[in-house]
$ cat start24.tsv   # TSV, C-alpha atoms
chain	number	residue	atom	x	y	z
A	1	MET	CA	-64.68	63.53	81.28
A	2	LEU	CA	-63.14	66.64	79.87
A	3	LEU	CA	-62.09	66.63	76.25
A	4	ASN	CA	-58.90	68.45	77.16
A	5	GLN	CA	-57.49	65.67	79.30
A	6	PHE	CA	-57.22	63.47	76.21
A	7	LEU	CA	-55.94	66.31	74.04
A	8	VAL	CA	-53.27	67.26	76.60
A	9	LEU	CA	-52.15	63.63	76.90
A	10	ALA	CA	-51.88	63.45	73.10
A	11	ALA	CA	-49.91	66.72	73.06
A	12	VAL	CA	-47.46	65.33	75.64
A	13	LEU	CA	-46.96	62.14	73.62
A	14	PHE	CA	-46.57	64.17	70.42
A	15	CYS	CA	-43.85	66.37	71.93
A	16	ILE	CA	-41.99	63.35	73.35
A	17	GLY	CA	-42.12	61.80	69.88
A	18	VAL	CA	-40.76	64.98	68.27
A	19	TYR	CA	-37.91	65.00	70.78
A	20	GLY	CA	-37.15	61.36	69.95
A	21	VAL	CA	-37.11	62.02	66.20
A	22	ILE	CA	-34.67	64.90	66.60
A	23	ALA	CA	-32.44	63.59	69.37
A	24	ARG	CA	-31.97	59.86	68.84
A	25	LYS	CA	-29.21	58.38	66.73
A	26	ASN	CA	-30.51	54.89	66.04
A	27	GLY	CA	-32.68	54.68	62.93
A	28	VAL	CA	-35.02	52.09	64.46
A	29	LEU	CA	-35.58	54.34	67.49
A	30	VAL	CA	-36.46	57.26	65.23
A	31	LEU	CA	-39.13	55.07	63.62
A	32	MET	CA	-40.45	54.21	67.10
A	33	SER	CA	-40.69	57.92	67.88
A	34	VAL	CA	-42.71	58.41	64.69
A	35	GLU	CA	-45.08	55.73	66.01
A	36	LEU	CA	-45.49	57.77	69.21
A	37	ILE	CA	-46.47	60.79	67.11
A	38	LEU	CA	-48.99	58.79	65.07
A	39	ASN	CA	-50.50	57.39	68.27
A	40	ALA	CA	-50.95	60.89	69.65
A	41	VAL	CA	-52.88	61.76	66.50
A	42	ASN	CA	-55.05	58.66	66.93
A	43	ILE	CA	-55.95	59.61	70.51
A	44	ASN	CA	-56.97	63.07	69.27
A	45	LEU	CA	-59.10	61.64	66.47
A	46	VAL	CA	-60.95	59.22	68.75
A	47	ALA	CA	-61.46	61.89	71.42
A	48	PHE	CA	-63.03	64.27	68.90
A	49	SER	CA	-65.11	61.40	67.58
A	50	ALA	CA	-66.47	60.82	71.09
A	51	MET	CA	-67.12	64.53	71.67
A	52	THR	CA	-69.00	65.16	68.42
A	53	ASP	CA	-70.75	61.77	68.54
A	54	SER	CA	-69.60	61.15	64.98
A	55	ILE	CA	-68.06	57.97	63.65
A	56	SER	CA	-65.68	59.65	61.20
A	57	GLY	CA	-62.91	60.16	63.74
A	58	GLN	CA	-62.73	56.44	64.47
A	59	VAL	CA	-62.61	55.62	60.75
A	60	PHE	CA	-59.75	58.09	60.32
A	61	ALA	CA	-57.97	56.50	63.28
A	62	LEU	CA	-58.24	53.11	61.55
A	63	PHE	CA	-56.81	54.64	58.37
A	64	VAL	CA	-53.95	56.15	60.37
A	65	ILE	CA	-53.20	52.72	61.88
A	66	ALA	CA	-53.08	51.20	58.36
A	67	VAL	CA	-50.80	53.95	57.06
A	68	ALA	CA	-48.56	53.56	60.13
A	69	ALA	CA	-48.20	49.85	59.45
A	70	ALA	CA	-47.22	50.56	55.84
A	71	GLU	CA	-44.82	53.27	56.99
A	72	VAL	CA	-43.07	50.95	59.44
A	73	GLY	CA	-42.68	48.27	56.76
A	74	VAL	CA	-41.06	50.61	54.24
A	75	GLY	CA	-39.08	52.46	56.93
A	76	LEU	CA	-37.54	49.30	58.33
A	77	ALA	CA	-36.74	48.09	54.80
A	78	ILE	CA	-34.88	51.35	54.19
A	79	VAL	CA	-33.06	51.03	57.54
A	80	LEU	CA	-32.03	47.48	56.60
A	81	ALA	CA	-30.80	48.64	53.18
A	82	ILE	CA	-28.78	51.41	54.86
A	83	PHE	CA	-27.35	48.90	57.32
A	84	ARG	CA	-26.29	46.68	54.44
A	85	THR	CA	-24.40	49.42	52.62
A	86	HIS	CA	-23.05	51.40	55.60
A	87	LYS	CA	-22.78	48.70	58.30
A	88	THR	CA	-24.47	51.06	60.74
A	89	VAL	CA	-27.88	52.56	61.48
A	90	ASP	CA	-26.37	55.60	63.21
A	91	LEU	CA	-28.07	58.51	61.52
A	92	ASP	CA	-25.10	60.81	62.16
A	93	GLN	CA	-22.90	58.60	59.99
A	94	VAL	CA	-25.39	58.24	57.16
A	95	ASP	CA	-24.74	61.62	55.57
A	96	LEU	CA	-24.33	60.81	51.89
A	97	MET	CA	-26.22	63.93	50.94
A	98	LYS	CA	-24.31	66.10	53.45
A	99	GLY	CA	-27.56	67.48	54.83
B	1	MET	CA	-50.45	67.89	84.23
B	2	ILE	CA	-50.90	71.36	85.78
B	3	ALA	CA	-52.87	72.34	82.71
B	4	VAL	CA	-55.23	69.41	83.21
B	5	LEU	CA	-55.75	70.39	86.86
B	6	ALA	CA	-56.42	73.99	85.88
B	7	ALA	CA	-58.95	72.88	83.30
B	8	ALA	CA	-60.57	70.58	85.87
B	9	ALA	CA	-60.82	73.45	88.39
B	10	GLN	CA	-62.80	75.49	85.86
B	11	ASN	CA	-65.43	72.76	85.76
B	12	ALA	CA	-65.52	72.03	89.49
B	13	ASP	CA	-69.31	72.33	89.67
B	14	ALA	CA	-69.94	69.73	86.97
B	15	PRO	CA	-70.73	66.11	87.91
B	16	VAL	CA	-67.53	64.11	88.08
B	17	TYR	CA	-67.26	60.54	86.93
B	18	VAL	CA	-64.61	59.37	89.34
B	19	ALA	CA	-63.95	55.86	88.01
B	20	GLN	CA	-63.25	56.98	84.44
B	21	ASN	CA	-61.12	59.88	85.59
B	22	VAL	CA	-59.03	57.70	87.95
B	23	ALA	CA	-58.56	55.14	85.18
B	24	PHE	CA	-57.58	57.87	82.78
B	25	GLY	CA	-55.06	59.34	85.22
B	26	ILE	CA	-53.35	56.04	85.98
B	27	ILE	CA	-53.14	55.01	82.32
B	28	ALA	CA	-52.03	58.47	81.22
B	29	ALA	CA	-49.23	58.60	83.80
B	30	LEU	CA	-48.07	55.14	82.72
B	31	MET	CA	-48.16	56.17	79.06
B	32	VAL	CA	-46.17	59.37	79.60
B	33	PHE	CA	-43.56	57.57	81.71
B	34	SER	CA	-43.21	54.81	79.11
B	35	ALA	CA	-43.04	57.29	76.23
B	36	ILE	CA	-40.24	59.19	77.97
B	37	ARG	CA	-38.38	55.92	78.50
B	38	VAL	CA	-38.82	55.04	74.79
B	39	VAL	CA	-36.88	58.13	73.74
B	40	THR	CA	-34.34	58.14	76.59
B	41	THR	CA	-33.42	54.51	77.27
B	42	ALA	CA	-30.04	53.38	75.96
B	43	ASN	CA	-31.15	49.79	75.33
B	44	VAL	CA	-33.08	49.52	72.07
B	45	VAL	CA	-34.93	46.33	73.07
B	46	HIS	CA	-36.14	48.05	76.25
B	47	ALA	CA	-37.37	50.90	74.06
B	48	ALA	CA	-39.49	48.41	72.08
B	49	ALA	CA	-40.91	47.00	75.34
B	50	TYR	CA	-41.79	50.48	76.58
B	51	LEU	CA	-43.38	51.20	73.21
B	52	VAL	CA	-45.69	48.24	73.86
B	53	MET	CA	-46.73	49.91	77.13
B	54	VAL	CA	-47.56	53.16	75.33
B	55	LEU	CA	-49.54	51.38	72.60
B	56	ALA	CA	-51.49	49.27	75.12
B	57	GLY	CA	-52.23	52.43	77.12
B	58	ALA	CA	-53.57	54.08	73.98
B	59	ALA	CA	-55.81	51.06	73.38
B	60	ALA	CA	-57.12	51.42	76.97
B	61	GLN	CA	-57.86	55.11	76.33
B	62	PHE	CA	-59.80	54.15	73.21
B	63	ILE	CA	-61.93	51.80	75.30
B	64	LEU	CA	-62.53	54.63	77.79
B	65	LEU	CA	-63.74	56.69	74.83
B	66	GLY	CA	-66.09	53.92	73.68
B	67	ALA	CA	-64.12	53.06	70.53
B	68	GLU	CA	-63.83	49.34	71.03
B	69	PHE	CA	-63.10	48.34	67.44
B	70	VAL	CA	-60.27	50.87	67.18
B	71	ALA	CA	-58.85	49.54	70.47
B	72	ILE	CA	-58.88	45.94	69.24
B	73	THR	CA	-57.32	46.99	65.93
B	74	GLN	CA	-54.68	48.94	67.84
B	75	VAL	CA	-53.75	45.85	69.85
B	76	MET	CA	-53.71	43.53	66.83
B	77	VAL	CA	-51.91	45.77	64.35
B	78	TYR	CA	-49.56	47.70	66.61
B	79	ILE	CA	-48.69	45.31	69.40
B	80	GLY	CA	-49.13	42.21	67.28
B	81	ALA	CA	-47.45	43.26	64.04
B	82	VAL	CA	-45.59	46.56	64.26
B	83	VAL	CA	-43.68	45.82	67.47
B	84	VAL	CA	-42.66	42.38	66.16
B	85	LEU	CA	-41.43	44.13	63.00
B	86	PHE	CA	-39.44	46.52	65.20
B	87	LEU	CA	-37.89	43.62	67.11
B	88	PHE	CA	-36.86	42.01	63.81
B	89	GLY	CA	-35.39	45.34	62.70
B	90	ILE	CA	-33.42	45.58	65.96
B	91	MET	CA	-32.12	42.02	65.53
B	92	LEU	CA	-31.12	42.45	61.88
B	93	THR	CA	-29.30	45.75	62.39
B	94	LYS	CA	-27.15	44.59	65.32
B	95	ALA	CA	-28.50	47.35	67.49
B	96	PRO	CA	-26.59	47.81	70.74
B	97	MET	CA	-28.34	45.63	73.33
B	98	ARG	CA	-26.27	46.69	76.33
B	99	GLY	CA	-26.65	50.40	75.94
B	100	GLU	CA	-25.56	52.80	73.28
B	101	GLU	CA	-22.49	54.70	74.34
B	102	PHE	CA	-23.53	57.83	72.49
B	103	ALA	CA	-27.28	57.49	72.62
B	104	ARG	CA	-27.93	61.12	71.78
B	105	ARG	CA	-26.92	63.23	68.85
B	106	ASP	CA	-25.19	66.56	69.28
B	107	GLN	CA	-28.39	68.46	68.65
B	108	TRP	CA	-30.39	66.78	71.43
B	109	LEU	CA	-30.58	70.13	73.23
B	110	ALA	CA	-32.18	71.64	70.12
B	111	GLY	CA	-34.64	68.74	70.13
B	112	LEU	CA	-35.52	69.36	73.78
B	113	PHE	CA	-35.98	73.07	73.07
B	114	THR	CA	-38.18	72.36	70.05
B	115	SER	CA	-40.42	69.91	71.86
B	116	VAL	CA	-40.80	72.12	74.94
B	117	VAL	CA	-41.72	75.17	72.85
B	118	LEU	CA	-44.09	73.05	70.77
B	119	PHE	CA	-45.67	71.72	73.97
B	120	GLY	CA	-46.18	75.25	75.30
B	121	VAL	CA	-47.84	76.40	72.09
B	122	LEU	CA	-50.05	73.28	71.94
B	123	ILE	CA	-51.15	73.64	75.57
B	124	TYR	CA	-51.99	77.30	75.06
B	125	GLY	CA	-54.01	76.47	71.97
B	126	LEU	CA	-55.83	73.57	73.61
B	127	LEU	CA	-56.76	75.48	76.78
B	128	ASP	CA	-57.82	78.48	74.71
B	129	GLY	CA	-59.86	76.48	72.22
B	130	PHE	CA	-61.27	73.52	74.17
B	131	GLY	CA	-61.05	74.69	77.79
B	132	ARG	CA	-64.65	73.80	78.59
B	133	SER	CA	-65.48	71.13	76.01
B	134	LYS	CA	-66.71	67.91	77.58
B	135	ILE	CA	-67.10	64.40	76.35
B	136	PRO	CA	-70.80	63.44	76.67
B	137	GLN	CA	-71.47	61.66	79.95
B	138	ASP	CA	-73.83	59.14	78.35
B	139	LEU	CA	-71.08	57.88	76.08
B	140	GLN	CA	-72.07	54.57	74.53
B	141	PRO	CA	-69.62	52.09	73.01
B	142	THR	CA	-69.62	52.41	69.24
B	143	LEU	CA	-71.03	49.40	67.45
B	144	THR	CA	-68.61	47.77	65.04
B	145	GLY	CA	-71.39	47.61	62.47
B	146	GLU	CA	-71.61	51.40	62.41
B	147	VAL	CA	-67.86	51.65	61.85
B	148	SER	CA	-68.00	49.19	58.96
B	149	ASP	CA	-71.04	50.97	57.47
B	150	SER	CA	-69.03	54.17	57.49
B	151	ILE	CA	-65.90	52.58	56.02
B	152	PHE	CA	-67.74	50.77	53.22
B	153	GLY	CA	-70.17	53.63	52.60
B	154	THR	CA	-68.93	57.16	53.10
B	155	TYR	CA	-65.22	56.37	52.98
B	156	LEU	CA	-65.20	53.58	50.41
B	157	LEU	CA	-62.85	55.44	48.05
B	158	ALA	CA	-60.39	56.19	50.88
B	159	PHE	CA	-60.57	52.54	51.91
B	160	GLU	CA	-59.64	51.41	48.40
B	161	ALA	CA	-56.79	53.93	48.34
B	162	ILE	CA	-55.51	52.55	51.66
B	163	SER	CA	-55.64	49.02	50.22
B	164	LEU	CA	-53.53	50.08	47.25
B	165	LEU	CA	-51.16	51.93	49.58
B	166	LEU	CA	-50.64	48.81	51.69
B	167	LEU	CA	-50.00	46.73	48.55
B	168	ALA	CA	-47.53	49.29	47.24
B	169	ALA	CA	-45.81	49.46	50.64
B	170	ALA	CA	-45.49	45.68	50.85
B	171	VAL	CA	-44.04	45.44	47.33
B	172	GLY	CA	-41.80	48.43	47.99
B	173	ALA	CA	-40.49	46.97	51.24
B	174	ILE	CA	-39.58	43.72	49.47
B	175	VAL	CA	-37.86	45.57	46.62
B	176	VAL	CA	-35.91	47.93	48.89
B	177	SER	CA	-34.65	45.20	51.23
B	178	LYS	CA	-33.95	42.62	48.51
B	179	ARG	CA	-30.40	41.35	48.24
B	180	ASP	CA	-29.24	41.56	44.64
$ encode --input "start24.tsv" --output "structure tokens"
Amino acid sequence: MLLNQFLVLAAVLFCIGVYGVIARKNGVLVLMSVELILNAVNINLVAFSAMTDSISGQVFALFVIAVAAAEVGVGLAIVLAIFRTHKTVDLDQVDLMKG
Amino acid sequence: MIAVLAAAAQNADAPVYVAQNVAFGIIAALMVFSAIRVVTTANVVHAAAYLVMVLAGAAAQFILLGAEFVAITQVMVYIGAVVVLFLFGIMLTKAPMRGEEFARRDQWLAGLFTSVVLFGVLIYGLLDGFGRSKIPQDLQPTLTGEVSDSIFGTYLLAFEAISLLLLAAAVGAIVVSKRD
């Protein structure tokens, strides 16, 4: 197997995730797109681990999975807090800081 | 996809492992289709279901790469915990189940432009840098013992940091979402 087939697949998933983060309105869907991006990174890490016959890439992938779980927990808590104060998770209407 | 074919044509004389490549192609096509549906579908619950497809496909790719422990962890943590968390988030925020009327923001065209340009740059870099790199043909599944030796040996400090991060995230999530 070529290394590049895994890297190209990860690049495709990464770009789809970036599009989702920028284009979607729903806060929960933006978090899902972030998960797509993190998964693309995981595929890259494991592919490089297989190519170099080193275990480090797999360990990093496990760390990324743990950080992603923590990120989803905090992210959804923030989305819930926003929903409680604004009655919406539409990111276009949550513009307190006028960004 | 064209880039993959071009890279494959460069290595036409090399021995081809048909079964792995066919499996990779099917799973990859399924993953890309599901990922596109995640970011384009109007129904948020459907998006969560398609996300499960992408995550399961990633686990299958890990098995193809011989990383069995990472694949199992992916299934347990992502499909078992994260997606359930997403479904709870969808329920608690009254997300539109029958289709968002304005699913996209005004700047979705900018997002499309950004991701396409990013994809072009990434593909150029990958083909330029790893055009001929191969994954060893005698790839053996990684033993879980080796992974744990590495975690609790070389990366012990990072492991402890991750533990503290998870604790802090759990406490933080409770504090942020607490009704007061």
$ closest_residue --input "start24.tsv" --among "B:Val175, B:Leu139, B:Ile36, B:Ala59" --to "Asn42 (chain A)" --atoms "all atoms listed in the file"
B:Ala59
$ interface_residues --input "start24.tsv" --of "chain B" --to "chain A" --cutoff "7 Å" --atoms "all atoms listed in the file" --output "short mmCIF file (atom, residue, chain, number, x, y, z; two decimals) with C-alpha atoms, in the frame of the given file"
data_model
loop_
_atom_site.label_atom_id
_atom_site.label_comp_id
_atom_site.auth_asym_id
_atom_site.auth_seq_id
_atom_site.Cartn_x
_atom_site.Cartn_y
_atom_site.Cartn_z
CA VAL B 4 -55.23 69.41 83.21
CA TYR B 17 -67.26 60.54 86.93
CA ASN B 21 -61.12 59.88 85.59
CA ALA B 28 -52.03 58.47 81.22
CA VAL B 32 -46.17 59.37 79.60
CA ALA B 35 -43.04 57.29 76.23
CA ILE B 36 -40.24 59.19 77.97
CA VAL B 39 -36.88 58.13 73.74
CA ALA B 58 -53.57 54.08 73.98
CA PHE B 62 -59.80 54.15 73.21
CA LEU B 65 -63.74 56.69 74.83
CA VAL B 70 -60.27 50.87 67.18
CA VAL B 82 -45.59 46.56 64.26
CA GLY B 89 -35.39 45.34 62.70
CA ILE B 90 -33.42 45.58 65.96
CA THR B 93 -29.30 45.75 62.39
CA ALA B 103 -27.28 57.49 72.62
CA ARG B 104 -27.93 61.12 71.78
CA ARG B 105 -26.92 63.23 68.85
CA GLN B 107 -28.39 68.46 68.65
CA TRP B 108 -30.39 66.78 71.43
CA GLY B 111 -34.64 68.74 70.13
CA LEU B 112 -35.52 69.36 73.78
CA SER B 115 -40.42 69.91 71.86
CA LEU B 118 -44.09 73.05 70.77
CA PHE B 119 -45.67 71.72 73.97
CA LEU B 122 -50.05 73.28 71.94
CA ILE B 123 -51.15 73.64 75.57
CA LEU B 126 -55.83 73.57 73.61
CA PHE B 130 -61.27 73.52 74.17
CA GLY B 131 -61.05 74.69 77.79
CA SER B 133 -65.48 71.13 76.01
CA LYS B 134 -66.71 67.91 77.58
CA ILE B 135 -67.10 64.40 76.35
CA PRO B 136 -70.80 63.44 76.67
CA VAL B 147 -67.86 51.65 61.85
CA ILE B 151 -65.90 52.58 56.02
CA LEU B 166 -50.64 48.81 51.69
CA ALA B 169 -45.81 49.46 50.64
CA GLY B 172 -41.80 48.43 47.99
CA ALA B 173 -40.49 46.97 51.24
CA VAL B 176 -35.91 47.93 48.89
CA SER B 177 -34.65 45.20 51.23
#
$ closest_residue --input "start24.tsv" --among "B:Phe159, B:Leu167, B:Val83, B:Thr154" --to "Val45 (chain B)" --atoms "all atoms listed in the file"
B:Val83
$ atom_distance --input "start24.tsv" --atom1 "CA of Lys94 (chain B)" --atom2 "CA of Arg179 (chain B)"
17.7 Å
$ closest_residue --input "start24.tsv" --among "B:Ala42, B:Gln74, B:Ala49, B:Ser148" --to "Phe86 (chain B)" --atoms "all atoms listed in the file"
B:Ala49
$ axis_aligned_box --input "start24.tsv" --around "region 56-63 of chain B" --padding-each-side "3 Å" --output "AutoDock Vina command-line options"
--center_x -56.7 --center_y 52.2 --center_z 75.2 --size_x 16.4 --size_y 11.8 --size_z 9.9
$ atom_distance --input "start24.tsv" --atom1 "CA of Met53 (chain B)" --atom2 "CA of Leu30 (chain B)"
7.8 Å
$ atom_distance --input "start24.tsv" --atom1 "CA of Ala170 (chain B)" --atom2 "CA of Leu85 (chain B)"
12.9 Å
$ residues_around --input "start24.tsv" --residues "Thr142 (chain B)" --least-positions-apart "6" --cutoff "9 Å" --atoms "all atoms listed in the file" --output "count of residues only"
5
$ build_atoms --input "start24.tsv" --residues "region 137-165 of chain B" --atoms "N, CA and C atoms" --output "PDB file, in the coordinates of the input"
ATOM      1  N   GLN B 137     -71.525  62.595  78.825  1.00  0.00           N
ATOM      2  CA  GLN B 137     -71.470  61.660  79.950  1.00  0.00           C
ATOM      3  C   GLN B 137     -72.152  60.329  79.619  1.00  0.00           C
ATOM      4  N   ASP B 138     -73.119  60.383  78.697  1.00  0.00           N
ATOM      5  CA  ASP B 138     -73.830  59.140  78.350  1.00  0.00           C
ATOM      6  C   ASP B 138     -73.171  58.474  77.162  1.00  0.00           C
ATOM      7  N   LEU B 139     -71.839  58.436  77.192  1.00  0.00           N
ATOM      8  CA  LEU B 139     -71.080  57.880  76.080  1.00  0.00           C
ATOM      9  C   LEU B 139     -71.349  56.391  75.949  1.00  0.00           C
ATOM     10  N   GLN B 140     -71.811  55.985  74.782  1.00  0.00           N
ATOM     11  CA  GLN B 140     -72.070  54.570  74.530  1.00  0.00           C
ATOM     12  C   GLN B 140     -70.959  53.983  73.680  1.00  0.00           C
ATOM     13  N   PRO B 141     -70.613  52.715  73.894  1.00  0.00           N
ATOM     14  CA  PRO B 141     -69.620  52.090  73.010  1.00  0.00           C
ATOM     15  C   PRO B 141     -70.129  52.086  71.571  1.00  0.00           C
ATOM     16  N   THR B 142     -69.234  52.390  70.654  1.00  0.00           N
ATOM     17  CA  THR B 142     -69.620  52.410  69.240  1.00  0.00           C
ATOM     18  C   THR B 142     -69.762  50.997  68.729  1.00  0.00           C
ATOM     19  N   LEU B 143     -70.839  50.731  68.013  1.00  0.00           N
ATOM     20  CA  LEU B 143     -71.030  49.400  67.450  1.00  0.00           C
ATOM     21  C   LEU B 143     -70.103  49.228  66.249  1.00  0.00           C
ATOM     22  N   THR B 144     -69.523  48.032  66.158  1.00  0.00           N
ATOM     23  CA  THR B 144     -68.610  47.770  65.040  1.00  0.00           C
ATOM     24  C   THR B 144     -69.338  47.874  63.708  1.00  0.00           C
ATOM     25  N   GLY B 145     -70.614  47.504  63.705  1.00  0.00           N
ATOM     26  CA  GLY B 145     -71.390  47.610  62.470  1.00  0.00           C
ATOM     27  C   GLY B 145     -71.444  49.027  61.934  1.00  0.00           C
ATOM     28  N   GLU B 146     -71.579  50.015  62.868  1.00  0.00           N
ATOM     29  CA  GLU B 146     -71.610  51.400  62.410  1.00  0.00           C
ATOM     30  C   GLU B 146     -70.281  51.792  61.777  1.00  0.00           C
ATOM     31  N   VAL B 147     -69.178  51.325  62.406  1.00  0.00           N
ATOM     32  CA  VAL B 147     -67.860  51.650  61.850  1.00  0.00           C
ATOM     33  C   VAL B 147     -67.743  51.069  60.446  1.00  0.00           C
ATOM     34  N   SER B 148     -68.155  49.804  60.276  1.00  0.00           N
ATOM     35  CA  SER B 148     -68.000  49.190  58.960  1.00  0.00           C
ATOM     36  C   SER B 148     -68.930  49.848  57.949  1.00  0.00           C
ATOM     37  N   ASP B 149     -70.157  50.244  58.386  1.00  0.00           N
ATOM     38  CA  ASP B 149     -71.040  50.970  57.470  1.00  0.00           C
ATOM     39  C   ASP B 149     -70.371  52.232  56.974  1.00  0.00           C
ATOM     40  N   SER B 150     -69.683  52.923  57.885  1.00  0.00           N
ATOM     41  CA  SER B 150     -69.030  54.170  57.490  1.00  0.00           C
ATOM     42  C   SER B 150     -67.866  53.911  56.541  1.00  0.00           C
ATOM     43  N   ILE B 151     -67.070  52.859  56.868  1.00  0.00           N
ATOM     44  CA  ILE B 151     -65.900  52.580  56.020  1.00  0.00           C
ATOM     45  C   ILE B 151     -66.355  52.192  54.612  1.00  0.00           C
ATOM     46  N   PHE B 152     -67.342  51.287  54.537  1.00  0.00           N
ATOM     47  CA  PHE B 152     -67.740  50.770  53.220  1.00  0.00           C
ATOM     48  C   PHE B 152     -68.840  51.608  52.578  1.00  0.00           C
ATOM     49  N   GLY B 153     -69.213  52.726  53.216  1.00  0.00           N
ATOM     50  CA  GLY B 153     -70.170  53.630  52.600  1.00  0.00           C
ATOM     51  C   GLY B 153     -69.517  54.958  52.278  1.00  0.00           C
ATOM     52  N   THR B 154     -69.436  55.809  53.326  1.00  0.00           N
ATOM     53  CA  THR B 154     -68.930  57.160  53.100  1.00  0.00           C
ATOM     54  C   THR B 154     -67.481  57.157  52.630  1.00  0.00           C
ATOM     55  N   TYR B 155     -66.668  56.283  53.231  1.00  0.00           N
ATOM     56  CA  TYR B 155     -65.220  56.370  52.980  1.00  0.00           C
ATOM     57  C   TYR B 155     -64.729  55.214  52.121  1.00  0.00           C
ATOM     58  N   LEU B 156     -65.591  54.735  51.220  1.00  0.00           N
ATOM     59  CA  LEU B 156     -65.200  53.580  50.410  1.00  0.00           C
ATOM     60  C   LEU B 156     -63.981  53.882  49.556  1.00  0.00           C
ATOM     61  N   LEU B 157     -63.960  55.092  48.944  1.00  0.00           N
ATOM     62  CA  LEU B 157     -62.850  55.440  48.050  1.00  0.00           C
ATOM     63  C   LEU B 157     -61.548  55.507  48.847  1.00  0.00           C
ATOM     64  N   ALA B 158     -61.599  56.126  50.040  1.00  0.00           N
ATOM     65  CA  ALA B 158     -60.390  56.190  50.880  1.00  0.00           C
ATOM     66  C   ALA B 158     -59.942  54.797  51.277  1.00  0.00           C
ATOM     67  N   PHE B 159     -60.916  53.918  51.542  1.00  0.00           N
ATOM     68  CA  PHE B 159     -60.570  52.540  51.910  1.00  0.00           C
ATOM     69  C   PHE B 159     -59.821  51.846  50.784  1.00  0.00           C
ATOM     70  N   GLU B 160     -60.324  52.023  49.535  1.00  0.00           N
ATOM     71  CA  GLU B 160     -59.640  51.410  48.400  1.00  0.00           C
ATOM     72  C   GLU B 160     -58.238  51.991  48.238  1.00  0.00           C
ATOM     73  N   ALA B 161     -58.112  53.301  48.455  1.00  0.00           N
ATOM     74  CA  ALA B 161     -56.790  53.930  48.340  1.00  0.00           C
ATOM     75  C   ALA B 161     -55.835  53.358  49.366  1.00  0.00           C
ATOM     76  N   ILE B 162     -56.356  53.126  50.610  1.00  0.00           N
ATOM     77  CA  ILE B 162     -55.510  52.550  51.660  1.00  0.00           C
ATOM     78  C   ILE B 162     -55.083  51.137  51.270  1.00  0.00           C
ATOM     79  N   SER B 163     -56.003  50.377  50.642  1.00  0.00           N
ATOM     80  CA  SER B 163     -55.640  49.020  50.220  1.00  0.00           C
ATOM     81  C   SER B 163     -54.492  49.059  49.230  1.00  0.00           C
ATOM     82  N   LEU B 164     -54.601  49.971  48.239  1.00  0.00           N
ATOM     83  CA  LEU B 164     -53.530  50.080  47.250  1.00  0.00           C
ATOM     84  C   LEU B 164     -52.235  50.527  47.907  1.00  0.00           C
ATOM     85  N   LEU B 165     -52.354  51.451  48.893  1.00  0.00           N
ATOM     86  CA  LEU B 165     -51.160  51.930  49.580  1.00  0.00           C
ATOM     87  C   LEU B 165     -50.457  50.792  50.302  1.00  0.00           C
TER      88      LEU B 165
END
